[in-house]
Structures are given as C-alpha cells and as structure tokens.
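Coordinates as given in model33.csv (CSV, C-alpha atoms):
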```
chain,number,residue,atom,x,y,z
A,238,MET,CA,-110.6,-20.3,34.0
A,239,ILE,CA,-111.3,-20.1,37.7
A,240,PRO,CA,-108.4,-18.3,39.6
A,241,GLN,CA,-106.6,-20.0,42.5
A,242,ARG,CA,-108.7,-19.8,45.6
A,243,SER,CA,-107.9,-17.7,48.7
A,244,LEU,CA,-109.7,-18.7,51.8
A,245,PRO,CA,-112.1,-16.3,53.5
A,246,ILE,CA,-112.2,-15.4,57.2
A,247,TRP,CA,-115.5,-17.0,58.3
A,248,ARG,CA,-115.3,-17.4,62.1
A,249,SER,CA,-119.0,-16.9,62.5
A,250,MET,CA,-121.8,-17.5,59.9
A,251,LEU,CA,-125.2,-16.6,61.1
A,252,PHE,CA,-128.3,-18.3,59.6
A,253,VAL,CA,-131.1,-15.9,58.6
A,254,PRO,CA,-134.4,-17.1,57.1
A,255,VAL,CA,-134.6,-14.8,54.0
A,256,THR,CA,-138.4,-14.5,54.4
A,257,VAL,CA,-138.3,-12.9,57.9
A,258,ARG,CA,-137.8,-9.2,57.3
A,259,LYS,CA,-136.9,-8.3,60.9
A,260,PHE,CA,-134.1,-10.9,61.0
A,261,VAL,CA,-132.8,-9.7,57.6
A,262,GLU,CA,-132.7,-6.1,58.8
A,263,GLY,CA,-131.1,-6.9,62.1
A,264,ALA,CA,-128.4,-9.1,60.6
A,265,PRO,CA,-125.9,-6.3,59.7
A,266,LYS,CA,-125.7,-5.4,63.4
A,267,ARG,CA,-124.8,-8.8,64.6
A,268,GLY,CA,-121.0,-8.7,63.8
A,269,ALA,CA,-120.9,-12.0,61.9
A,270,ASP,CA,-118.2,-12.6,59.3
A,271,ALA,CA,-120.9,-14.1,57.1
A,272,ILE,CA,-124.7,-14.1,56.9
A,273,ILE,CA,-126.3,-17.3,55.5
A,274,LEU,CA,-129.5,-16.4,53.8
A,275,ASP,CA,-131.5,-19.6,54.1
A,276,LEU,CA,-133.7,-21.2,51.4
A,277,GLU,CA,-133.7,-24.6,52.9
A,278,ASP,CA,-134.8,-25.9,56.4
A,279,SER,CA,-136.2,-22.6,57.8
A,280,ILE,CA,-138.4,-22.0,54.7
A,281,PRO,CA,-141.7,-23.9,54.4
A,282,MET,CA,-142.2,-25.6,51.1
A,283,ALA,CA,-145.1,-23.3,50.2
A,284,ASP,CA,-142.9,-20.3,50.7
A,285,LYS,CA,-139.8,-21.4,48.7
A,286,GLU,CA,-140.7,-19.5,45.5
A,287,ARG,CA,-141.3,-16.2,47.3
A,288,ALA,CA,-138.1,-16.7,49.2
A,289,ARG,CA,-136.1,-16.9,46.0
A,290,THR,CA,-137.5,-13.5,44.9
A,291,LEU,CA,-136.1,-11.9,48.1
A,292,ILE,CA,-132.5,-12.9,47.9
A,293,ALA,CA,-131.0,-10.0,45.9
A,294,GLU,CA,-132.5,-7.3,48.1
A,295,ALA,CA,-131.7,-9.3,51.3
A,296,ALA,CA,-128.1,-9.8,50.2
A,297,GLU,CA,-127.7,-6.0,49.9
A,298,VAL,CA,-129.2,-5.4,53.3
A,299,VAL,CA,-127.3,-8.0,55.3
A,300,SER,CA,-123.9,-7.1,53.7
A,301,GLN,CA,-124.1,-3.5,55.0
A,302,GLY,CA,-122.2,-4.4,58.2
A,303,GLY,CA,-119.3,-5.9,56.2
A,304,ALA,CA,-120.4,-9.5,56.3
A,305,ASP,CA,-120.0,-11.8,53.3
A,306,VAL,CA,-123.3,-13.2,52.0
A,307,VAL,CA,-123.8,-16.9,51.7
A,308,VAL,CA,-127.0,-18.6,50.5
A,309,ARG,CA,-128.0,-22.1,51.6
A,310,VAL,CA,-129.8,-23.8,48.8
A,311,ASN,CA,-132.0,-26.9,48.6
A,312,ARG,CA,-130.9,-30.4,47.7
A,313,PRO,CA,-133.4,-31.8,45.2
A,314,TRP,CA,-132.2,-30.9,41.7
A,315,ARG,CA,-135.3,-29.2,40.4
A,316,MET,CA,-135.4,-26.9,43.5
A,317,LEU,CA,-131.6,-26.5,43.4
A,318,VAL,CA,-131.5,-25.2,39.9
A,319,ARG,CA,-134.2,-22.6,40.7
A,320,ASP,CA,-132.3,-21.6,43.8
A,321,LEU,CA,-129.1,-21.2,41.8
A,322,GLU,CA,-130.9,-19.0,39.2
A,323,ALA,CA,-132.2,-16.8,42.0
A,324,ALA,CA,-129.1,-16.7,44.2
A,325,ILE,CA,-126.1,-16.2,41.9
A,326,GLY,CA,-125.2,-12.6,41.5
A,327,PRO,CA,-122.6,-9.9,42.5
A,328,GLY,CA,-124.0,-9.6,46.0
A,329,VAL,CA,-123.7,-13.3,46.9
A,330,HIS,CA,-120.2,-14.6,47.8
A,331,ALA,CA,-120.9,-18.3,48.3
A,332,LEU,CA,-123.5,-21.1,48.3
A,333,LYS,CA,-123.9,-23.6,51.1
A,334,LEU,CA,-124.7,-27.0,49.5
A,335,PRO,CA,-126.6,-29.5,51.7
A,336,LYS,CA,-126.4,-33.3,51.5
A,337,ILE,CA,-123.5,-33.5,49.1
A,338,GLU,CA,-122.9,-37.1,48.2
A,339,SER,CA,-119.8,-37.1,46.0
A,340,ALA,CA,-117.2,-35.1,44.1
A,341,GLU,CA,-119.3,-35.6,41.0
A,342,HIS,CA,-122.3,-34.1,42.8
A,343,ILE,CA,-120.2,-30.9,43.4
A,344,GLN,CA,-118.9,-30.9,39.9
A,345,ALA,CA,-122.3,-31.0,38.4
A,346,ILE,CA,-123.5,-28.1,40.5
A,347,ALA,CA,-120.3,-26.1,39.6
A,348,GLU,CA,-121.1,-26.6,35.9
A,349,VAL,CA,-124.5,-24.9,36.4
A,350,VAL,CA,-122.8,-22.1,38.4
A,351,ASP,CA,-120.3,-21.6,35.6
A,352,GLU,CA,-123.1,-21.1,33.0
A,353,ILE,CA,-125.1,-18.7,35.2
A,354,GLU,CA,-122.0,-16.6,36.1
A,355,ALA,CA,-121.0,-16.4,32.4
A,356,GLU,CA,-124.5,-15.3,31.4
A,357,ARG,CA,-124.5,-12.6,34.1
A,358,GLY,CA,-121.1,-11.2,33.4
A,359,LEU,CA,-119.6,-12.3,36.7
A,360,ALA,CA,-115.9,-13.1,37.0
A,361,PRO,CA,-115.1,-16.9,36.8
A,362,GLY,CA,-115.1,-18.3,40.3
A,363,HIS,CA,-117.0,-15.4,41.9
A,364,THR,CA,-119.4,-17.8,43.6
A,365,ARG,CA,-117.7,-20.1,46.1
A,366,LEU,CA,-119.0,-23.3,47.4
A,367,ILE,CA,-119.3,-24.8,50.9
A,368,ALA,CA,-120.0,-28.5,51.0
A,369,MET,CA,-122.2,-30.0,53.7
A,370,VAL,CA,-121.7,-33.7,54.4
A,371,GLU,CA,-124.9,-34.9,56.0
A,372,THR,CA,-125.3,-38.6,55.1
A,373,ALA,CA,-123.4,-41.8,55.9
A,374,SER,CA,-122.6,-42.4,52.2
A,375,GLY,CA,-121.3,-38.8,51.8
A,376,LEU,CA,-119.1,-39.1,54.8
A,377,PHE,CA,-117.0,-41.9,53.2
A,378,ARG,CA,-116.4,-39.6,50.3
A,379,THR,CA,-115.4,-36.5,52.3
A,380,GLU,CA,-111.8,-36.3,51.0
A,381,ALA,CA,-112.9,-36.5,47.4
A,382,ILE,CA,-115.6,-33.9,48.0
A,383,ALA,CA,-113.1,-31.5,49.6
A,384,ARG,CA,-110.9,-31.8,46.6
A,385,SER,CA,-113.7,-31.8,44.0
A,386,HIS,CA,-113.5,-28.3,42.5
A,387,PRO,CA,-111.6,-25.0,42.8
A,388,ARG,CA,-114.8,-23.3,43.9
A,389,VAL,CA,-115.0,-25.3,47.1
A,390,VAL,CA,-113.5,-23.2,50.0
A,391,GLY,CA,-115.1,-25.0,52.9
A,392,ILE,CA,-116.6,-28.2,54.2
A,393,THR,CA,-118.8,-29.0,57.2
A,394,VAL,CA,-120.7,-31.8,58.8
A,395,GLY,CA,-124.4,-31.3,59.1
A,396,ALA,CA,-124.8,-32.9,62.6
A,397,GLU,CA,-128.6,-33.3,62.7
A,398,ASP,CA,-129.0,-34.8,59.2
A,399,LEU,CA,-125.9,-37.0,59.6
A,400,ALA,CA,-127.2,-38.3,62.9
A,401,LEU,CA,-130.5,-39.1,61.3
A,402,SER,CA,-128.7,-40.9,58.4
A,403,VAL,CA,-126.6,-42.9,60.8
A,404,GLY,CA,-129.4,-43.6,63.4
A,405,MET,CA,-127.5,-42.0,66.3
A,406,VAL,CA,-128.1,-39.1,68.7
A,407,PRO,CA,-126.3,-35.9,67.6
A,408,GLU,CA,-124.0,-35.8,70.6
A,409,ALA,CA,-120.3,-35.0,70.8
A,410,GLU,CA,-119.3,-38.7,71.3
A,411,GLY,CA,-120.9,-39.9,68.1
A,412,LEU,CA,-119.9,-36.7,66.1
A,413,PHE,CA,-116.3,-36.8,67.0
A,414,TYR,CA,-115.1,-39.1,64.3
A,415,PRO,CA,-117.1,-37.5,61.4
A,416,ASN,CA,-115.9,-34.0,62.4
A,417,GLN,CA,-112.3,-35.1,62.8
A,418,HIS,CA,-112.5,-36.7,59.4
A,419,CYS,CA,-113.9,-33.5,58.0
A,420,ILE,CA,-111.0,-31.5,59.5
A,421,LEU,CA,-108.4,-33.8,58.0
A,422,ALA,CA,-110.1,-33.8,54.6
A,423,ALA,CA,-110.3,-30.0,54.6
A,424,ARG,CA,-106.7,-29.6,55.6
A,425,ALA,CA,-105.5,-32.0,53.0
A,426,ALA,CA,-107.4,-30.2,50.4
A,427,GLY,CA,-106.4,-26.7,51.6
A,428,ILE,CA,-109.9,-25.5,52.4
A,429,LEU,CA,-111.7,-24.4,55.5
A,430,PRO,CA,-112.9,-27.0,58.1
A,431,LEU,CA,-116.1,-25.4,59.4
A,432,GLY,CA,-118.2,-26.6,62.3
A,433,PHE,CA,-117.9,-27.8,65.9
A,434,LEU,CA,-118.5,-30.8,68.1
A,435,GLY,CA,-122.2,-30.5,68.5
A,436,THR,CA,-125.4,-29.5,66.8
A,437,VAL,CA,-126.4,-26.0,65.5
A,438,ALA,CA,-129.7,-26.5,67.3
A,439,GLU,CA,-128.1,-26.1,70.7
A,440,PHE,CA,-127.9,-22.4,71.7
A,441,SER,CA,-129.6,-21.9,75.1
A,442,ASP,CA,-126.5,-22.5,77.3
A,443,LEU,CA,-123.9,-20.1,76.1
A,444,ASP,CA,-121.3,-21.1,78.6
A,445,ALA,CA,-121.5,-24.7,77.4
A,446,PHE,CA,-121.5,-23.5,73.8
A,447,ARG,CA,-118.3,-21.5,74.4
A,448,ALA,CA,-116.6,-24.6,75.9
A,449,VAL,CA,-117.6,-26.7,72.9
A,450,ILE,CA,-116.2,-24.0,70.4
A,451,ARG,CA,-113.0,-23.8,72.4
A,452,ARG,CA,-112.5,-27.5,72.2
A,453,SER,CA,-113.4,-27.5,68.5
A,454,ARG,CA,-110.8,-24.9,67.7
A,455,ARG,CA,-108.1,-27.0,69.4
A,456,LEU,CA,-109.1,-29.8,67.1
A,457,GLY,CA,-108.6,-27.7,64.0
A,458,PHE,CA,-111.9,-26.0,63.1
A,459,MET,CA,-111.6,-22.5,61.8
A,460,GLY,CA,-115.2,-21.2,62.0
A,461,ALA,CA,-118.8,-22.4,62.3
A,462,ALA,CA,-122.5,-21.5,61.5
A,463,CYS,CA,-124.9,-20.6,64.2
A,464,ILE,CA,-128.7,-19.9,64.4
A,465,HIS,CA,-128.8,-17.3,67.2
A,466,PRO,CA,-127.2,-13.8,67.3
A,467,SER,CA,-126.0,-14.5,70.9
A,468,GLN,CA,-123.6,-17.1,69.5
A,469,VAL,CA,-121.8,-14.8,67.1
A,470,ALA,CA,-119.5,-13.0,69.6
A,471,ILE,CA,-118.5,-16.4,71.1
A,472,LEU,CA,-117.6,-17.7,67.6
A,473,ASN,CA,-115.7,-14.6,66.8
A,474,GLU,CA,-113.7,-14.7,70.0
A,475,GLU,CA,-113.0,-18.4,70.2
A,476,TYR,CA,-112.1,-18.9,66.5
A,477,ARG,CA,-109.5,-16.1,66.9
A,478,PRO,CA,-106.1,-16.4,68.6
A,479,THR,CA,-106.1,-15.0,72.1
A,480,GLY,CA,-103.9,-12.1,73.0
A,481,ALA,CA,-101.7,-14.5,75.1
A,482,GLU,CA,-101.4,-16.9,72.1
A,483,VAL,CA,-100.3,-14.0,69.8
A,484,ASP,CA,-97.8,-12.7,72.4
A,485,HIS,CA,-96.4,-16.2,72.9
A,486,ALA,CA,-96.0,-16.7,69.2
A,487,LYS,CA,-94.2,-13.4,68.7
A,488,ARG,CA,-91.7,-14.1,71.5
A,489,MET,CA,-91.1,-17.6,70.3
A,490,LEU,CA,-90.4,-16.5,66.8
A,491,ALA,CA,-88.0,-13.8,68.1
A,492,ALA,CA,-86.1,-16.4,70.1
A,493,TYR,CA,-85.9,-18.7,67.2
A,494,GLU,CA,-84.7,-16.0,64.8
A,495,GLU,CA,-82.1,-15.0,67.3
A,496,ALA,CA,-80.8,-18.5,67.6
A,497,VAL,CA,-80.7,-19.0,63.8
A,498,ALA,CA,-78.8,-15.8,63.4
A,499,GLN,CA,-76.2,-17.1,66.0
A,500,ASN,CA,-76.1,-20.4,64.1
A,501,ARG,CA,-77.2,-22.4,67.2
A,502,GLY,CA,-78.4,-25.9,66.4
A,503,ALA,CA,-80.5,-26.3,69.5
A,504,VAL,CA,-83.1,-23.7,70.3
A,505,THR,CA,-85.0,-23.5,73.6
A,506,PHE,CA,-87.8,-21.2,74.6
A,507,GLU,CA,-89.2,-21.0,78.1
A,508,GLY,CA,-87.7,-24.3,79.0
A,509,LYS,CA,-88.8,-26.2,76.0
A,510,MET,CA,-87.1,-27.2,72.8
A,511,ILE,CA,-88.3,-25.5,69.6
A,512,ASP,CA,-88.4,-27.4,66.4
A,513,VAL,CA,-89.7,-26.5,62.9
A,514,PRO,CA,-93.3,-27.6,63.3
A,515,VAL,CA,-93.6,-25.5,66.5
A,516,VAL,CA,-92.2,-22.5,64.8
A,517,GLN,CA,-94.6,-23.0,61.8
A,518,ARG,CA,-97.5,-23.2,64.2
A,519,ALA,CA,-96.5,-19.9,65.7
A,520,GLU,CA,-96.3,-18.4,62.2
A,521,GLN,CA,-99.8,-19.7,61.5
A,522,VAL,CA,-101.1,-18.0,64.7
A,523,LEU,CA,-99.7,-14.7,63.6
A,524,ALA,CA,-100.9,-15.0,60.1
A,525,ARG,CA,-104.4,-15.9,61.3
A,526,GLU,CA,-104.5,-12.9,63.7
A,527,ALA,CA,-103.3,-10.6,60.9
A,528,ALA,CA,-106.0,-11.8,58.5
A,529,ILE,CA,-108.7,-11.4,61.2
A,530,ALA,CA,-107.4,-7.9,62.1
A,531,ALA,CA,-107.5,-6.9,58.5
A,532,ARG,CA,-111.1,-8.1,58.1
A,533,GLU,CA,-112.1,-6.2,61.3
A,534,ALA,CA,-110.5,-3.0,59.9
A,535,ARG,CA,-112.4,-3.3,56.7
A,536,ARG,CA,-115.7,-3.8,58.7
A,537,VAL,CA,-115.0,-0.6,60.6
A,538,ALA,CA,-114.1,1.4,57.5
```
Could you write out this structure as structure tokens?
Amino acid sequence: MIPQRSLPIWRSMLFVPVTVRKFVEGAPKRGADAIILDLEDSIPMADKERARTLIAEAAEVVSQGGADVVVRVNRPWRMLVRDLEAAIGPGVHALKLPKIESAEHIQAIAEVVDEIEAERGLAPGHTRLIAMVETASGLFRTEAIARSHPRVVGITVGAEDLALSVGMVPEAEGLFYPNQHCILAARAAGILPLGFLGTVAEFSDLDAFRAVIRRSRRLGFMGAACIHPSQVAILNEEYRPTGAEVDHAKRMLAAYEEAVAQNRGAVTFEGKMIDVPVVQRAEQVLAREAAIAAREARRVA
C-alpha cells in the first residue's frame, strides 16, 4: 500500500541532459531544489539507449548538493518501459511524465512502477510522478489526471507542446487559461501546481523572467522547471515568501490571536478587517517559509 503523500519543496527544477557530463557534474553547485535528468527532448534518438545506462551514476552525482533527483522519461510506450527500467531506483525521487492524456494513462504507468519497485526492494510509493499536460485532449482531463494516483505529487503544462497541439503561439495570453486550469486542478487534488506563464525555452532576459515568475506565484504556482542555471536563483527567490510577507503574516496572526483571546468579534489589522481566509493565508505563508527553511538547512548540513 502506498503511504499518504507529502508534498516536496520544488521551487526550482533544473533540466540536465544526462549525456552531457560537464552539465551533470556542475548540477550540484546550482542550488536547485531538484535536478531533472532528461531522457526526452534533449537526447537524440540515437543516444537514448546510452542515456539510460548513465542515470544511476548521474543521479548520485547531481544529488550531492542536496537536490532531489527527477528523471524525465519518453512518451512512446516501448521507450517508456525501457526508461522506467533504467530510472527507478533508490537515487531517483520522481519521474516527469510527458504528454499525459488521461487518468488511465497515469494508472497504467503507476502499475509498471509498482512492479519495478517491488522487484528492487524499494518502499511502496518511493517513486513519485509529475504529470505533464501537453495536448489539447489532455488539457480537458487535467482534473482527473491530477487525482489519478497517490504517486502523483505535481502537475504542469508543457507550453511548447501544448501550443503545437492547439496551433497557437506559446505566449502568456494563450497560456493563461491552460495554466490557471492546471493550478485549480492541482489545488483541488492536493498536489503541486508547477510552472509559469511562459515557455521554458525563454531564458535570455532574466529581468523579464523574474517578472513572469513573480506574476505566476501570485496566481498560485509553487515552483517550476528551467533549462539554464541562471534561472535557478530567481525561481528559488520568487517561489519563496519574501521577508516582508513573513513579517506581515506574523504580525497579523499575533493581532488575530490577541483579538480571539479577548473575545472580540471584529478584528482589524493595519486598517483592514481580518477574516478567517485571510488568517489562513497568513498561516500558509509561515508554513511555506518554515518548510523551505528546513530544506535549506538540510542542504547546508
């Protein structure tokens, strides 16, 4: 039986092609919460088999800085099964699954993962899943995909592939609805909404990237993947509560608790009324900050 899931802290998830040794060796120094060892788009078809043989060693290398290890696998079933056989092990925390079409698609993959974990003596549920919604048909099943299996801890929109499927340009205007739909489905399912209002291919203008991430967090995203090390620090900063937000939340909760202790029905803070949702939002800010601080402390240790 798979235990009840707890959600990881994955503000930044850096893609690394598993076949490029210098990128693998440099990954632990980048400060990302997770490293995604890629078997899909960054690996030429002729190099797929060799890439699979490199995963176990690469996972050990990239995790040295405290990052969780994720492997992005391929979509076609015959390739996927070989990827799963190569990737699942004690050093890999999760699989990133491209072009997921339905809940049944996830469930079929999870069944294969169950078998491999059992064969290798891994604890049930060791390998988590991140669903990538990258087609128009998959988008309309996002909620079912998010709820499909206890292994699923995150869901994201693949902007470039979705835009291709829809026949649109991967710009913020067209991607707003798919991403907001992804956020709502993730929140309803109790999993991580991952991503931002743009495409992972854009990394040259870091100021613009920061503005996009800041807007994306305000919409509800909790982390995202990136393809360049220069983006990692921005993701870590922008998907973390600011010092001002933490201070504001602490002071608000103190004011609310004082009012409750005095049995006051109406509570005001800095000229505004405080109601239960506002208090709960402040509690979420502090819980998020505590979880990130705990992760950072483990990285340093």
**Prompt:** Which distance in Å separates CA of Leu523 (chain A) and CA of Arg501 (chain A), to one decimal?
**Reply:**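 Separating CA of Leu523 (chain A) from CA of Arg501 (chain A) is a distance of 24.1 Å.
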**Message:** Considering only C-alpha atoms, can you say which of A:Glu482, A:Asp270, A:Asp284, A:Asp278 comes closest to Val306 (chain A)?
**Reply:**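 Smallest separation from Val306 (chain A) among the options: A:Asp270.
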**Request:** Using all atoms listed in the file, find all polymer residues with an atom at most 12 Å away from the point (-110.8, -30.6, 67.7); report them as an NGL selection string.
**Result:** :A and (409 or 412-421 or 430-435 or 448-460 or 476)
**Message:** Here is a test: counting all atoms listed in the file, which residue of A:Val298, A:Ala323, A:Ile292, A:Ile246 is nearest to Val261 (chain A)?
**Reply:**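 Residue with the minimum atom-to-atom distance to Val261 (chain A): A:Val298.
Excluding Glu526 (chain A) itself and any same-chain residue fewer than 4 positions from it, the protein and nucleic acid residues within 9 Å of it, counting all atoms listed in the file, are Arg477, Pro478, Thr479, Val483, Gln521, Val522, Ala530 and Ala531 of chain A.
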**Message:** Just checking: using all atoms listed in the file, which residue out of A:Ser243, A:Asn473, A:Arg289, A:Ala486 ends up closest to Gly362 (chain A)?
**Reply:**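 Among the listed residues, the smallest separation from Gly362 (chain A) belongs to A:Ser243.
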**Prompt:** Quick one: residues within 12 Å of Arg258 (chain A), all atoms listed in the file counted, chain neighbours fewer than 3 positions away excluded, as a PyMOL selection string?
**Reply:** chain A and resi 253-255+261-264+274+288+291-292+294-295+298-299
**Message:** Taking all atoms listed in the file into account, name the residue in A:Ala534, A:Leu251, A:Val349, A:Val390 that is nearest to Ser467 (chain A).
**Reply:**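 Nearest to Ser467 (chain A): A:Leu251.
For the pair CA of Ala304 (chain A) and CA of Met250 (chain A), the interatomic distance is 8.9 Å.
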**Request:** Just give me the gap between CA of Arg518 (chain A) and CA of Arg384 (chain A) in Å, one decimal is fine.
**Result:**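 Separation of CA of Arg518 (chain A) and CA of Arg384 (chain A): 23.7 Å.
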**Prompt:** Could you name the residues that touch Asp442 (chain A) at 12 Å or less, counting only C-alpha atoms, but leaving out those on the same chain fewer than 3 positions away, as a list of chain:residue names?
**Reply:** A:Ala438, A:Glu439, A:Ala445, A:Phe446, A:Arg447, A:Ala448, A:Val449, A:His465, A:Ser467, A:Gln468, A:Ile471
Polymer residues at most 6 Å from region 330-342 of chain A, only C-alpha atoms, same-chain spacing of 6 or more positions, as a PDB file with C-alpha atoms, in the coordinates of the input:
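And here's selection_27.pdb as it stands now:
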```pdb
ATOM      1  CA  VAL A 306    -123.300 -13.200  52.000  1.00  0.00           C
ATOM      2  CA  VAL A 307    -123.800 -16.900  51.700  1.00  0.00           C
ATOM      3  CA  VAL A 308    -127.000 -18.600  50.500  1.00  0.00           C
ATOM      4  CA  ARG A 309    -128.000 -22.100  51.600  1.00  0.00           C
ATOM      5  CA  ARG A 312    -130.900 -30.400  47.700  1.00  0.00           C
ATOM      6  CA  THR A 364    -119.400 -17.800  43.600  1.00  0.00           C
ATOM      7  CA  ARG A 365    -117.700 -20.100  46.100  1.00  0.00           C
ATOM      8  CA  LEU A 366    -119.000 -23.300  47.400  1.00  0.00           C
ATOM      9  CA  ILE A 367    -119.300 -24.800  50.900  1.00  0.00           C
ATOM     10  CA  ALA A 368    -120.000 -28.500  51.000  1.00  0.00           C
ATOM     11  CA  MET A 369    -122.200 -30.000  53.700  1.00  0.00           C
ATOM     12  CA  VAL A 370    -121.700 -33.700  54.400  1.00  0.00           C
ATOM     13  CA  GLU A 371    -124.900 -34.900  56.000  1.00  0.00           C
ATOM     14  CA  GLY A 375    -121.300 -38.800  51.800  1.00  0.00           C
ATOM     15  CA  ALA A 381    -112.900 -36.500  47.400  1.00  0.00           C
ATOM     16  CA  ILE A 382    -115.600 -33.900  48.000  1.00  0.00           C
ATOM     17  CA  SER A 385    -113.700 -31.800  44.000  1.00  0.00           C
TER      18      SER A 385
END
```
**Among the residues A:Ile511, A:Ile392, A:Ala283, A:Val350, the one that comes closest to Ala461 (chain A) [using all atoms listed in the file]** =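 Once distances to Ala461 (chain A) are computed over all atoms listed in the file, the minimum belongs to A:Ile392.
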**Asked** Closest to Glu352 (chain A) among A:Met316, A:Ile280, A:Leu321, A:Pro514, using all atoms listed in the file?
**Response**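 Counting all atoms listed in the file, the residue closest to Glu352 (chain A) is A:Leu321.
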**Exercise: Pro265 (chain A) partners within 7 Å, all atoms listed in the file, chain neighbours under 4 positions left out, as a ChimeraX atom specification** = /A:299-302
Supply region 344-362 of chain A as a PDB file, in the frame of the given file, with N, CA and C atoms built in where the input has gaps.
```
ATOM      1  N   GLN A 344    -119.265 -31.255  41.218  1.00  0.00           N
ATOM      2  CA  GLN A 344    -118.900 -30.900  39.900  1.00  0.00           C
ATOM      3  C   GLN A 344    -120.063 -30.545  38.981  1.00  0.00           C
ATOM      4  N   ALA A 345    -121.141 -31.285  39.142  1.00  0.00           N
ATOM      5  CA  ALA A 345    -122.300 -31.000  38.400  1.00  0.00           C
ATOM      6  C   ALA A 345    -122.944 -29.654  38.766  1.00  0.00           C
ATOM      7  N   ILE A 346    -122.962 -29.378  40.061  1.00  0.00           N
ATOM      8  CA  ILE A 346    -123.500 -28.100  40.500  1.00  0.00           C
ATOM      9  C   ILE A 346    -122.570 -26.959  39.999  1.00  0.00           C
ATOM     10  N   ALA A 347    -121.261 -27.164  40.074  1.00  0.00           N
ATOM     11  CA  ALA A 347    -120.300 -26.100  39.600  1.00  0.00           C
ATOM     12  C   ALA A 347    -120.500 -25.829  38.132  1.00  0.00           C
ATOM     13  N   GLU A 348    -120.870 -26.831  37.347  1.00  0.00           N
ATOM     14  CA  GLU A 348    -121.100 -26.600  35.900  1.00  0.00           C
ATOM     15  C   GLU A 348    -122.269 -25.661  35.690  1.00  0.00           C
ATOM     16  N   VAL A 349    -123.318 -25.842  36.473  1.00  0.00           N
ATOM     17  CA  VAL A 349    -124.500 -24.900  36.400  1.00  0.00           C
ATOM     18  C   VAL A 349    -124.063 -23.529  36.812  1.00  0.00           C
ATOM     19  N   VAL A 350    -123.293 -23.446  37.889  1.00  0.00           N
ATOM     20  CA  VAL A 350    -122.800 -22.100  38.400  1.00  0.00           C
ATOM     21  C   VAL A 350    -121.980 -21.444  37.316  1.00  0.00           C
ATOM     22  N   ASP A 351    -121.113 -22.205  36.644  1.00  0.00           N
ATOM     23  CA  ASP A 351    -120.300 -21.600  35.600  1.00  0.00           C
ATOM     24  C   ASP A 351    -121.175 -20.944  34.524  1.00  0.00           C
ATOM     25  N   GLU A 352    -122.221 -21.627  34.094  1.00  0.00           N
ATOM     26  CA  GLU A 352    -123.100 -21.100  33.000  1.00  0.00           C
ATOM     27  C   GLU A 352    -123.803 -19.826  33.490  1.00  0.00           C
ATOM     28  N   ILE A 353    -124.309 -19.836  34.717  1.00  0.00           N
ATOM     29  CA  ILE A 353    -125.100 -18.700  35.200  1.00  0.00           C
ATOM     30  C   ILE A 353    -124.109 -17.481  35.375  1.00  0.00           C
ATOM     31  N   GLU A 354    -122.938 -17.718  35.925  1.00  0.00           N
ATOM     32  CA  GLU A 354    -122.000 -16.600  36.100  1.00  0.00           C
ATOM     33  C   GLU A 354    -121.623 -16.011  34.725  1.00  0.00           C
ATOM     34  N   ALA A 355    -121.375 -16.856  33.749  1.00  0.00           N
ATOM     35  CA  ALA A 355    -121.000 -16.400  32.400  1.00  0.00           C
ATOM     36  C   ALA A 355    -122.154 -15.539  31.825  1.00  0.00           C
ATOM     37  N   GLU A 356    -123.382 -16.008  31.962  1.00  0.00           N
ATOM     38  CA  GLU A 356    -124.500 -15.300  31.400  1.00  0.00           C
ATOM     39  C   GLU A 356    -124.697 -13.914  32.092  1.00  0.00           C
ATOM     40  N   ARG A 357    -124.295 -13.812  33.363  1.00  0.00           N
ATOM     41  CA  ARG A 357    -124.500 -12.600  34.100  1.00  0.00           C
ATOM     42  C   ARG A 357    -123.283 -11.686  34.198  1.00  0.00           C
ATOM     43  N   GLY A 358    -122.241 -12.052  33.472  1.00  0.00           N
ATOM     44  CA  GLY A 358    -121.100 -11.200  33.400  1.00  0.00           C
ATOM     45  C   GLY A 358    -120.227 -11.195  34.678  1.00  0.00           C
ATOM     46  N   LEU A 359    -120.352 -12.226  35.508  1.00  0.00           N
ATOM     47  CA  LEU A 359    -119.600 -12.300  36.700  1.00  0.00           C
ATOM     48  C   LEU A 359    -118.189 -12.920  36.424  1.00  0.00           C
ATOM     49  N   ALA A 360    -117.194 -12.546  37.200  1.00  0.00           N
ATOM     50  CA  ALA A 360    -115.900 -13.100  37.000  1.00  0.00           C
ATOM     51  C   ALA A 360    -115.901 -14.607  37.302  1.00  0.00           C
ATOM     52  N   PRO A 361    -115.178 -15.408  36.522  1.00  0.00           N
ATOM     53  CA  PRO A 361    -115.100 -16.900  36.800  1.00  0.00           C
ATOM     54  C   PRO A 361    -114.691 -17.147  38.209  1.00  0.00           C
ATOM     55  N   GLY A 362    -115.439 -17.978  38.897  1.00  0.00           N
ATOM     56  CA  GLY A 362    -115.100 -18.300  40.300  1.00  0.00           C
ATOM     57  C   GLY A 362    -115.626 -17.373  41.314  1.00  0.00           C
TER      58      GLY A 362
END
```
